[in-house]
>>> print(open('data30.cif').read())   # mmCIF, C-alpha atoms and all ligand atoms
data_final
#
loop_
_atom_site.label_atom_id
_atom_site.label_comp_id
_atom_site.auth_asym_id
_atom_site.auth_seq_id
_atom_site.Cartn_x
_atom_site.Cartn_y
_atom_site.Cartn_z
CA MET F 1 116.88 5.76 45.25
CA THR F 2 113.71 3.69 45.31
CA ASP F 3 111.09 3.97 42.57
CA ARG F 4 108.97 5.97 44.94
CA ASP F 5 111.80 8.46 45.59
CA THR F 6 112.37 8.86 41.86
CA ARG F 7 108.68 9.44 41.23
CA HIS F 8 108.53 11.95 44.07
CA LYS F 9 111.55 13.85 42.77
CA LYS F 10 110.08 13.98 39.29
CA SER F 11 106.73 15.26 40.47
CA MET F 12 108.42 17.87 42.68
CA GLN F 13 110.46 19.09 39.70
CA LYS F 14 107.28 19.35 37.69
CA LEU F 15 105.54 21.23 40.48
CA LYS F 16 108.51 23.58 40.86
CA SER F 17 108.60 24.47 37.18
CA HIS F 18 104.84 24.99 37.25
CA VAL F 19 105.07 27.33 40.26
CA ASP F 20 108.12 29.12 38.81
CA GLU F 21 106.18 29.74 35.62
CA LYS F 22 103.24 31.14 37.55
CA VAL F 23 105.50 33.40 39.61
CA ALA F 24 107.17 34.64 36.43
CA ASN F 25 103.77 35.35 34.90
CA ALA F 26 102.55 37.36 37.90
CA GLN F 27 104.09 40.69 36.95
CA GLU F 28 101.52 43.24 38.01
CA GLN F 29 101.78 45.14 41.30
CA ARG F 30 98.71 47.00 42.45
CA GLY F 31 95.98 46.97 45.06
CA LEU F 32 93.49 44.13 44.78
CA MET F 33 89.81 43.65 45.10
CA LEU F 34 88.90 40.60 47.16
CA VAL F 35 85.49 39.07 47.80
CA PHE F 36 84.87 36.62 50.64
CA THR F 37 81.41 35.18 50.17
CA GLY F 38 79.44 31.93 50.56
CA ASN F 39 77.45 30.37 53.39
CA GLY F 40 80.30 28.86 55.36
CA LYS F 41 81.99 30.42 58.37
CA GLY F 42 85.16 32.44 57.92
CA LYS F 43 84.43 35.49 55.76
CA THR F 44 84.80 38.18 58.41
CA THR F 45 87.56 36.23 60.15
CA ALA F 46 89.56 36.20 56.92
CA ALA F 47 89.02 39.93 56.46
CA TRP F 48 90.31 40.71 59.98
CA GLY F 49 93.23 38.37 59.39
CA THR F 50 94.18 40.48 56.39
CA VAL F 51 93.69 43.67 58.43
CA THR F 52 96.16 42.29 60.97
CA ARG F 53 98.63 41.53 58.19
CA ALA F 54 98.47 45.02 56.76
CA LEU F 55 98.76 46.66 60.20
CA GLY F 56 101.76 44.43 60.85
CA TYR F 57 103.65 46.32 58.15
CA GLY F 58 102.51 49.69 59.41
CA TYR F 59 99.95 50.32 56.68
CA LYS F 60 96.80 52.33 57.25
CA VAL F 61 93.57 50.33 57.30
CA GLY F 62 89.91 51.31 57.29
CA VAL F 63 87.14 48.92 58.31
CA ILE F 64 83.45 49.59 57.85
CA GLN F 65 81.12 47.27 59.73
CA PHE F 66 77.71 47.18 58.13
CA ILE F 67 74.99 45.36 60.14
CA LYS F 68 76.94 44.10 63.14
CA GLY F 69 78.23 47.42 64.34
CA LEU F 70 76.98 47.25 67.87
CA TRP F 71 77.99 43.63 68.36
CA GLU F 72 81.05 42.70 70.30
CA CYS F 73 84.00 41.99 68.09
CA GLY F 74 87.21 40.65 69.60
CA GLU F 75 89.42 41.66 66.67
CA ARG F 76 88.26 45.24 66.87
CA GLU F 77 88.95 45.32 70.63
CA ARG F 78 92.46 43.96 70.09
CA LEU F 79 93.47 46.14 67.16
CA ILE F 80 91.73 49.44 67.78
CA ALA F 81 94.62 50.83 69.84
CA ASP F 82 96.66 50.86 66.61
CA ASP F 83 96.64 54.43 65.30
CA ASN F 84 96.74 53.09 61.76
CA LEU F 85 93.32 51.47 62.13
CA GLU F 86 90.04 53.32 61.69
CA VAL F 87 86.79 51.43 62.29
CA GLN F 88 83.41 52.87 61.38
CA VAL F 89 80.29 51.04 62.46
CA MET F 90 76.76 51.34 61.17
CA ALA F 91 74.83 52.95 63.97
CA THR F 92 71.68 50.85 64.08
CA GLY F 93 73.47 47.58 64.63
CA PHE F 94 71.72 44.42 63.68
CA THR F 95 69.23 45.04 60.95
CA TRP F 96 67.07 41.98 61.62
CA ASP F 97 66.39 43.49 65.03
CA THR F 98 65.50 46.98 63.92
CA GLN F 99 63.35 46.05 60.92
CA ASN F 100 62.96 49.66 60.05
CA ARG F 101 63.79 50.27 56.42
CA GLU F 102 63.93 54.00 56.66
CA SER F 103 66.25 54.28 59.66
CA ASP F 104 68.40 51.41 58.38
CA THR F 105 68.81 53.10 55.01
CA LYS F 106 69.75 56.35 56.69
CA ALA F 107 72.31 54.65 58.95
CA CYS F 108 73.69 52.74 56.01
CA LEU F 109 74.13 55.82 53.85
CA GLU F 110 75.83 57.64 56.71
CA VAL F 111 78.43 54.96 57.17
CA TRP F 112 78.77 54.55 53.39
CA LYS F 113 79.95 58.17 53.30
CA GLU F 114 82.84 57.13 55.54
CA ALA F 115 83.55 54.25 53.19
CA GLU F 116 83.62 56.59 50.20
CA ARG F 117 86.08 58.82 52.02
CA MET F 118 88.38 55.88 52.72
CA LEU F 119 88.05 54.62 49.14
CA ALA F 120 89.21 58.02 47.90
CA ASP F 121 92.18 58.32 50.28
CA ASP F 122 95.44 57.08 48.83
CA SER F 123 97.06 56.91 52.26
CA VAL F 124 94.71 54.03 53.14
CA TYR F 125 96.28 50.73 52.05
CA LEU F 126 93.35 48.45 52.83
CA VAL F 127 89.61 49.05 53.12
CA VAL F 128 87.27 46.35 54.45
CA LEU F 129 83.55 46.60 53.71
CA ASP F 130 82.29 43.93 56.11
CA GLU F 131 78.78 42.56 55.38
CA ILE F 132 78.17 45.14 52.66
CA THR F 133 76.54 42.48 50.46
CA TYR F 134 73.38 42.69 52.59
CA MET F 135 73.15 46.45 52.12
CA LEU F 136 72.94 45.87 48.38
CA LYS F 137 70.51 43.01 48.79
CA PHE F 138 68.15 45.05 50.97
CA GLY F 139 68.42 47.97 48.58
CA TYR F 140 69.91 50.34 51.18
CA LEU F 141 72.85 50.95 48.86
CA ASP F 142 73.02 51.33 45.12
CA ILE F 143 75.26 48.89 43.25
CA ASP F 144 76.40 51.54 40.77
CA ALA F 145 77.60 53.86 43.53
CA VAL F 146 79.48 51.03 45.22
CA LYS F 147 81.04 49.86 41.96
CA ARG F 148 82.08 53.39 41.05
CA ALA F 149 83.76 54.02 44.41
CA ILE F 150 85.61 50.71 44.22
CA GLU F 151 86.70 51.11 40.61
CA ASN F 152 87.93 54.65 41.15
CA ARG F 153 89.89 53.88 44.31
CA PRO F 154 93.64 54.62 44.41
CA GLU F 155 95.80 52.23 42.41
CA GLU F 156 97.68 50.90 45.45
CA GLN F 157 94.62 50.40 47.62
CA THR F 158 93.14 46.96 48.32
CA VAL F 159 89.47 46.52 49.11
CA ILE F 160 87.79 43.51 50.74
CA ILE F 161 84.08 42.79 50.47
CA THR F 162 82.47 40.24 52.80
CA GLY F 163 79.02 38.74 53.09
CA ARG F 164 76.79 36.07 51.59
CA ASN F 165 75.33 36.31 48.10
CA ALA F 166 77.81 38.84 46.76
CA HIS F 167 76.31 40.85 43.89
CA ARG F 168 77.40 39.40 40.54
CA GLU F 169 78.64 42.80 39.38
CA LEU F 170 81.01 42.90 42.35
CA ILE F 171 82.21 39.38 41.63
CA ALA F 172 82.76 40.42 38.01
CA ILE F 173 85.21 43.21 38.94
CA ALA F 174 87.03 41.36 41.75
CA ASP F 175 90.57 40.01 41.36
CA THR F 176 90.15 37.24 43.92
CA VAL F 177 86.86 35.65 44.94
CA THR F 178 86.63 33.03 47.66
CA GLU F 179 83.43 31.21 48.41
CA MET F 180 83.37 29.77 51.92
CA GLN F 181 81.54 26.51 51.58
CA GLU F 182 79.52 25.31 54.52
CA VAL F 183 80.14 21.66 55.22
CA ARG F 184 78.62 21.93 58.68
CA HIS F 185 77.94 24.68 61.20
CA GLY F 186 77.59 24.00 64.91
CA PHE F 187 74.85 26.61 65.15
CA ASN F 188 72.54 24.28 63.25
CA ASN F 189 73.09 21.66 65.94
CA GLY F 190 72.14 24.02 68.72
CA LEU F 191 75.59 25.41 69.51
CA GLN F 192 75.62 29.05 70.52
CA ALA F 193 77.99 31.56 68.95
CA ARG F 194 81.08 31.53 71.16
CA ARG F 195 82.88 34.57 72.51
CA GLY F 196 86.40 34.90 71.17
CA ILE F 197 85.68 32.28 68.51
CA ASP F 198 82.64 33.48 66.59
CA TYR F 199 82.88 37.15 67.53
P1 LIG L 1 82.96 34.75 60.93
O1 LIG L 1 82.68 36.13 61.48
O2 LIG L 1 82.97 33.74 62.01
O3 LIG L 1 84.16 34.71 60.03
P2 LIG L 1 81.29 34.87 58.63
O4 LIG L 1 81.68 36.28 58.47
O5 LIG L 1 81.74 33.92 57.57
O6 LIG L 1 81.70 34.34 60.05
P3 LIG L 1 78.56 35.71 59.01
O7 LIG L 1 77.36 35.27 58.28
O8 LIG L 1 78.98 37.13 58.89
O9 LIG L 1 79.73 34.69 58.64
O10 LIG L 1 78.45 35.27 60.51
C1 LIG L 1 77.97 36.01 61.56
C2 LIG L 1 77.96 35.12 62.78
O11 LIG L 1 77.32 33.89 62.48
C3 LIG L 1 79.32 34.73 63.32
O12 LIG L 1 79.22 34.59 64.70
C4 LIG L 1 79.59 33.39 62.69
O13 LIG L 1 80.46 32.56 63.44
C5 LIG L 1 78.22 32.81 62.60
N1 LIG L 1 78.08 31.98 61.37
C6 LIG L 1 78.88 31.93 60.29
N2 LIG L 1 78.47 31.06 59.37
C7 LIG L 1 77.34 30.50 59.89
C8 LIG L 1 76.42 29.48 59.44
N3 LIG L 1 76.58 28.87 58.29
N4 LIG L 1 75.37 29.17 60.26
C9 LIG L 1 75.19 29.81 61.42
N5 LIG L 1 76.01 30.77 61.91
C10 LIG L 1 77.08 31.11 61.17
MG MG L 2 80.73 38.05 58.57
#
>>> encode(input="data30.cif", output="structure tokens", more="lines below")
Ligand code: ATP
Ligand code: MG
Amino acid sequence: MTDRDTRHKKSMQKLKSHVDEKVANAQEQRGLMLVFTGNGKGKTTAAWGTVTRALGYGYKVGVIQFIKGLWECGERERLIADDNLEVQVMATGFTWDTQNRESDTKACLEVWKEAERMLADDSVYLVVLDEITYMLKFGYLDIDAVKRAIENRPEEQTVIITGRNAHRELIAIADTVTEMQEVRHGFNNGLQARRGIDY
């Protein structure tokens, strides 16, 4: 064995014992709370990826789309035929278009009721609250109500929150928080959102 081989073997052994220790320490089994936030692309994509995973094992999944409800969404088109998937969309669609606080709040609270139902249903394995961070930011939803529903959800249920500027109280109660960091986004160089790639 060369020096390099020996060094590699040693560092692999170290890595293995480190990973083994971590695996041994991870004892708890329960549903998680995940937050995908930050300015970079990939938050909603990651949520739908997880939806696909859960459906792949035959679990029931609920998705609530705040804000972009009326937009096209390739993942929804592909997966909706699965009886285990329920998608609820906020009726007004894109809030920057409507600019009507009263009707937006009403639409938001209506779809939030569906979210609360899912968050109380122990047959639902995964609940995705896509773009909910903006509802809190605009004041359409109350942080205490959202926190309460999430904290009181069934033990085995996982919940995913997506959107920029996640409320610090949500970050505080999450198990896993990922911040998508924008290094570059084509949009800022004049590239249009692309069908099947961005939506
Ligand atoms: P995606 O749905 O692609 O995973 P996202 O959920 O992380 O993106 P959103 O802010 O919800 O980000 O994005 C809504 C739309 O804007 C999507 O079409 C997305 O591709 C695009 N987008 C995402 N990040 C940026 C960005 N930094 N600048 C401009 N457009 C973006
Ligand atoms: Mg998104």
>>> closest_residue(input="data30.cif", among="F:Thr2, F:Thr45, F:Asn189, F:Gln88", to="ligand MG 2 (chain L)", atoms="only C-alpha atoms and all ligand atoms")
F:Thr45
>>> residues_around(input="data30.cif", residues="Glu179 of chain F", least_positions_apart="4", cutoff="9 Å", atoms="all atoms listed in the file", output="PDB file with C-alpha atoms, in the frame of the given file")
ATOM      1  CA  VAL F  35      85.490  39.070  47.800  1.00  0.00           C
ATOM      2  CA  PHE F  36      84.870  36.620  50.640  1.00  0.00           C
ATOM      3  CA  THR F  37      81.410  35.180  50.170  1.00  0.00           C
ATOM      4  CA  GLY F  38      79.440  31.930  50.560  1.00  0.00           C
ATOM      5  CA  ASN F  39      77.450  30.370  53.390  1.00  0.00           C
ATOM      6  CA  GLY F  40      80.300  28.860  55.360  1.00  0.00           C
ATOM      7  CA  LYS F  43      84.430  35.490  55.760  1.00  0.00           C
ATOM      8  CA  ARG F 164      76.790  36.070  51.590  1.00  0.00           C
TER       9      ARG F 164
END
>>> closest_residue(input="data30.cif", among="F:Gln99, F:Val23, F:Gly58, F:Gly42", to="Asp130 of chain F", atoms="all atoms listed in the file")
F:Gly42
>>> residues_near_ligand(input="data30.cif", ligand="ligand LIG 1 (chain L)", cutoff="8 Å", atoms="only C-alpha atoms and all ligand atoms", output="ChimeraX atom specification")
/F:37-47,131,162-164,180,182,184-188,193-194,197-199
>>> atom_distance(input="data30.cif", atom1="atom CA of Leu141 of chain F", atom2="atom CA of Ala172 of chain F")
18.1 Å
>>> closest_residue(input="data30.cif", among="F:Thr133, F:Thr158, F:Thr50, F:Gln65", to="Glu114 of chain F", atoms="only C-alpha atoms")
F:Gln65
>>> closest_residue(input="data30.cif", among="F:Ile67, F:Val61, F:Val128, F:Leu34", to="Ile80 of chain F", atoms="only C-alpha atoms")
F:Val61
>>> residues_near_point(input="data30.cif", point="(73.4, 48.6, 47.5)", cutoff="12 Å", atoms="all atoms listed in the file", output="ChimeraX atom specification")
/F:66,105,108-109,112,131-148,166-167,169-170
>>> closest_residue(input="data30.cif", among="F:Gln192, F:Tyr57, F:Trp71, F:Val124", to="ligand MG 2 (chain L)", atoms="only C-alpha atoms and all ligand atoms")
F:Trp71
>>> residues_near_point(input="data30.cif", point="(96.9, 45.8, 57.8)", cutoff="12 Å", atoms="only C-alpha atoms", output="PDB file with C-alpha atoms, in the coordinates of the input")
ATOM      1  CA  ALA F  47      89.020  39.930  56.460  1.00  0.00           C
ATOM      2  CA  TRP F  48      90.310  40.710  59.980  1.00  0.00           C
ATOM      3  CA  GLY F  49      93.230  38.370  59.390  1.00  0.00           C
ATOM      4  CA  THR F  50      94.180  40.480  56.390  1.00  0.00           C
ATOM      5  CA  VAL F  51      93.690  43.670  58.430  1.00  0.00           C
ATOM      6  CA  THR F  52      96.160  42.290  60.970  1.00  0.00           C
ATOM      7  CA  ARG F  53      98.630  41.530  58.190  1.00  0.00           C
ATOM      8  CA  ALA F  54      98.470  45.020  56.760  1.00  0.00           C
ATOM      9  CA  LEU F  55      98.760  46.660  60.200  1.00  0.00           C
ATOM     10  CA  GLY F  56     101.760  44.430  60.850  1.00  0.00           C
ATOM     11  CA  TYR F  57     103.650  46.320  58.150  1.00  0.00           C
ATOM     12  CA  GLY F  58     102.510  49.690  59.410  1.00  0.00           C
ATOM     13  CA  TYR F  59      99.950  50.320  56.680  1.00  0.00           C
ATOM     14  CA  LYS F  60      96.800  52.330  57.250  1.00  0.00           C
ATOM     15  CA  VAL F  61      93.570  50.330  57.300  1.00  0.00           C
ATOM     16  CA  GLY F  62      89.910  51.310  57.290  1.00  0.00           C
ATOM     17  CA  VAL F  63      87.140  48.920  58.310  1.00  0.00           C
ATOM     18  CA  LEU F  79      93.470  46.140  67.160  1.00  0.00           C
ATOM     19  CA  ILE F  80      91.730  49.440  67.780  1.00  0.00           C
ATOM     20  CA  ASP F  82      96.660  50.860  66.610  1.00  0.00           C
ATOM     21  CA  ASP F  83      96.640  54.430  65.300  1.00  0.00           C
ATOM     22  CA  ASN F  84      96.740  53.090  61.760  1.00  0.00           C
ATOM     23  CA  LEU F  85      93.320  51.470  62.130  1.00  0.00           C
ATOM     24  CA  GLU F  86      90.040  53.320  61.690  1.00  0.00           C
ATOM     25  CA  VAL F 124      94.710  54.030  53.140  1.00  0.00           C
ATOM     26  CA  TYR F 125      96.280  50.730  52.050  1.00  0.00           C
ATOM     27  CA  LEU F 126      93.350  48.450  52.830  1.00  0.00           C
ATOM     28  CA  VAL F 127      89.610  49.050  53.120  1.00  0.00           C
ATOM     29  CA  VAL F 128      87.270  46.350  54.450  1.00  0.00           C
ATOM     30  CA  GLN F 157      94.620  50.400  47.620  1.00  0.00           C
ATOM     31  CA  THR F 158      93.140  46.960  48.320  1.00  0.00           C
ATOM     32  CA  VAL F 159      89.470  46.520  49.110  1.00  0.00           C
ATOM     33  CA  ILE F 160      87.790  43.510  50.740  1.00  0.00           C
TER      34      ILE F 160
END
>>> atom_distance(input="data30.cif", atom1="atom CA of Ile150 of chain F", atom2="atom CA of Leu119 of chain F")
6.7 Å
>>> closest_residue(input="data30.cif", among="F:Met118, F:Val89, F:Leu191, F:Ile161", to="ligand MG 2 (chain L)", atoms="only C-alpha atoms and all ligand atoms")
F:Ile161
>>> axis_aligned_box(input="data30.cif", around="segment 99-114 of chain F", padding_each_side="6 Å", output="JSON")
{"center_x": 72.9, "center_y": 52.1, "center_z": 57.1, "size_x": 31.9, "size_y": 24.1, "size_z": 19.6}
>>> atom_distance(input="data30.cif", atom1="atom CA of Glu72 of chain F", atom2="atom CA of Leu129 of chain F")
17.2 Å
>>> decode(input="data30.cif", residues="segment 29-40 of chain F", atoms="all heavy atoms", output="short mmCIF file (atom, residue, chain, number, x, y, z; two decimals), in the first residue's frame")
data_model
loop_
_atom_site.label_atom_id
_atom_site.label_comp_id
_atom_site.auth_asym_id
_atom_site.auth_seq_id
_atom_site.Cartn_x
_atom_site.Cartn_y
_atom_site.Cartn_z
N GLN F 29 -37.84 7.88 16.74
CA GLN F 29 -38.65 7.69 15.54
C GLN F 29 -39.94 8.46 15.69
O GLN F 29 -40.75 8.15 16.54
CB GLN F 29 -38.99 6.20 15.37
CG GLN F 29 -38.14 5.46 14.37
CD GLN F 29 -38.39 5.83 12.92
OE1 GLN F 29 -39.21 6.69 12.60
NE2 GLN F 29 -37.67 5.19 12.03
N ARG F 30 -40.11 9.48 14.90
CA ARG F 30 -41.38 10.23 14.93
C ARG F 30 -41.44 11.10 13.69
O ARG F 30 -40.46 11.21 12.96
CB ARG F 30 -41.48 11.10 16.19
CG ARG F 30 -40.36 12.12 16.33
CD ARG F 30 -40.67 13.15 17.41
NE ARG F 30 -39.53 14.00 17.70
CZ ARG F 30 -39.13 15.04 16.95
NH1 ARG F 30 -39.78 15.34 15.84
NH2 ARG F 30 -38.08 15.76 17.29
N GLY F 31 -42.59 11.71 13.45
CA GLY F 31 -42.70 12.64 12.34
C GLY F 31 -41.83 13.86 12.60
O GLY F 31 -41.56 14.21 13.74
N LEU F 32 -41.43 14.50 11.51
CA LEU F 32 -40.50 15.64 11.63
C LEU F 32 -41.17 16.94 11.23
O LEU F 32 -42.20 16.94 10.56
CB LEU F 32 -39.31 15.41 10.69
CG LEU F 32 -38.50 14.15 10.92
CD1 LEU F 32 -37.61 13.88 9.71
CD2 LEU F 32 -37.66 14.29 12.17
N MET F 33 -40.54 18.01 11.61
CA MET F 33 -40.93 19.29 11.04
C MET F 33 -39.73 19.83 10.27
O MET F 33 -38.65 20.00 10.82
CB MET F 33 -41.32 20.29 12.12
CG MET F 33 -41.57 21.65 11.51
SD MET F 33 -42.11 22.85 12.70
CE MET F 33 -42.11 24.33 11.68
N LEU F 34 -39.96 20.07 8.97
CA LEU F 34 -38.89 20.55 8.10
C LEU F 34 -39.23 21.95 7.60
O LEU F 34 -40.38 22.24 7.29
CB LEU F 34 -38.72 19.63 6.88
CG LEU F 34 -38.69 18.12 7.08
CD1 LEU F 34 -38.56 17.42 5.73
CD2 LEU F 34 -37.54 17.73 7.97
N VAL F 35 -38.21 22.78 7.48
CA VAL F 35 -38.38 24.11 6.89
C VAL F 35 -37.40 24.25 5.73
O VAL F 35 -36.20 24.02 5.91
CB VAL F 35 -38.13 25.23 7.93
CG1 VAL F 35 -38.20 26.60 7.26
CG2 VAL F 35 -39.13 25.16 9.08
N PHE F 36 -37.93 24.57 4.56
CA PHE F 36 -37.08 24.89 3.40
C PHE F 36 -37.26 26.38 3.12
O PHE F 36 -38.32 26.80 2.67
CB PHE F 36 -37.49 24.09 2.15
CG PHE F 36 -37.41 22.59 2.33
CD1 PHE F 36 -38.26 21.74 1.63
CD2 PHE F 36 -36.46 22.01 3.19
CE1 PHE F 36 -38.18 20.35 1.79
CE2 PHE F 36 -36.38 20.62 3.35
CZ PHE F 36 -37.24 19.79 2.65
N THR F 37 -36.22 27.15 3.41
CA THR F 37 -36.34 28.59 3.27
C THR F 37 -35.13 29.16 2.52
O THR F 37 -34.37 28.41 1.92
CB THR F 37 -36.54 29.23 4.67
OG1 THR F 37 -36.87 30.60 4.53
CG2 THR F 37 -35.32 29.08 5.57
N GLY F 38 -34.96 30.46 2.51
CA GLY F 38 -33.83 31.09 1.81
C GLY F 38 -34.24 31.62 0.45
O GLY F 38 -35.34 31.36 -0.04
N ASN F 39 -33.35 32.39 -0.16
CA ASN F 39 -33.65 33.05 -1.43
C ASN F 39 -33.38 32.20 -2.66
O ASN F 39 -33.81 32.54 -3.75
CB ASN F 39 -32.84 34.35 -1.55
CG ASN F 39 -33.35 35.41 -0.60
OD1 ASN F 39 -34.53 35.39 -0.20
ND2 ASN F 39 -32.49 36.32 -0.21
N GLY F 40 -32.61 31.15 -2.51
CA GLY F 40 -32.24 30.35 -3.68
C GLY F 40 -33.37 29.48 -4.17
O GLY F 40 -34.35 29.24 -3.47
#
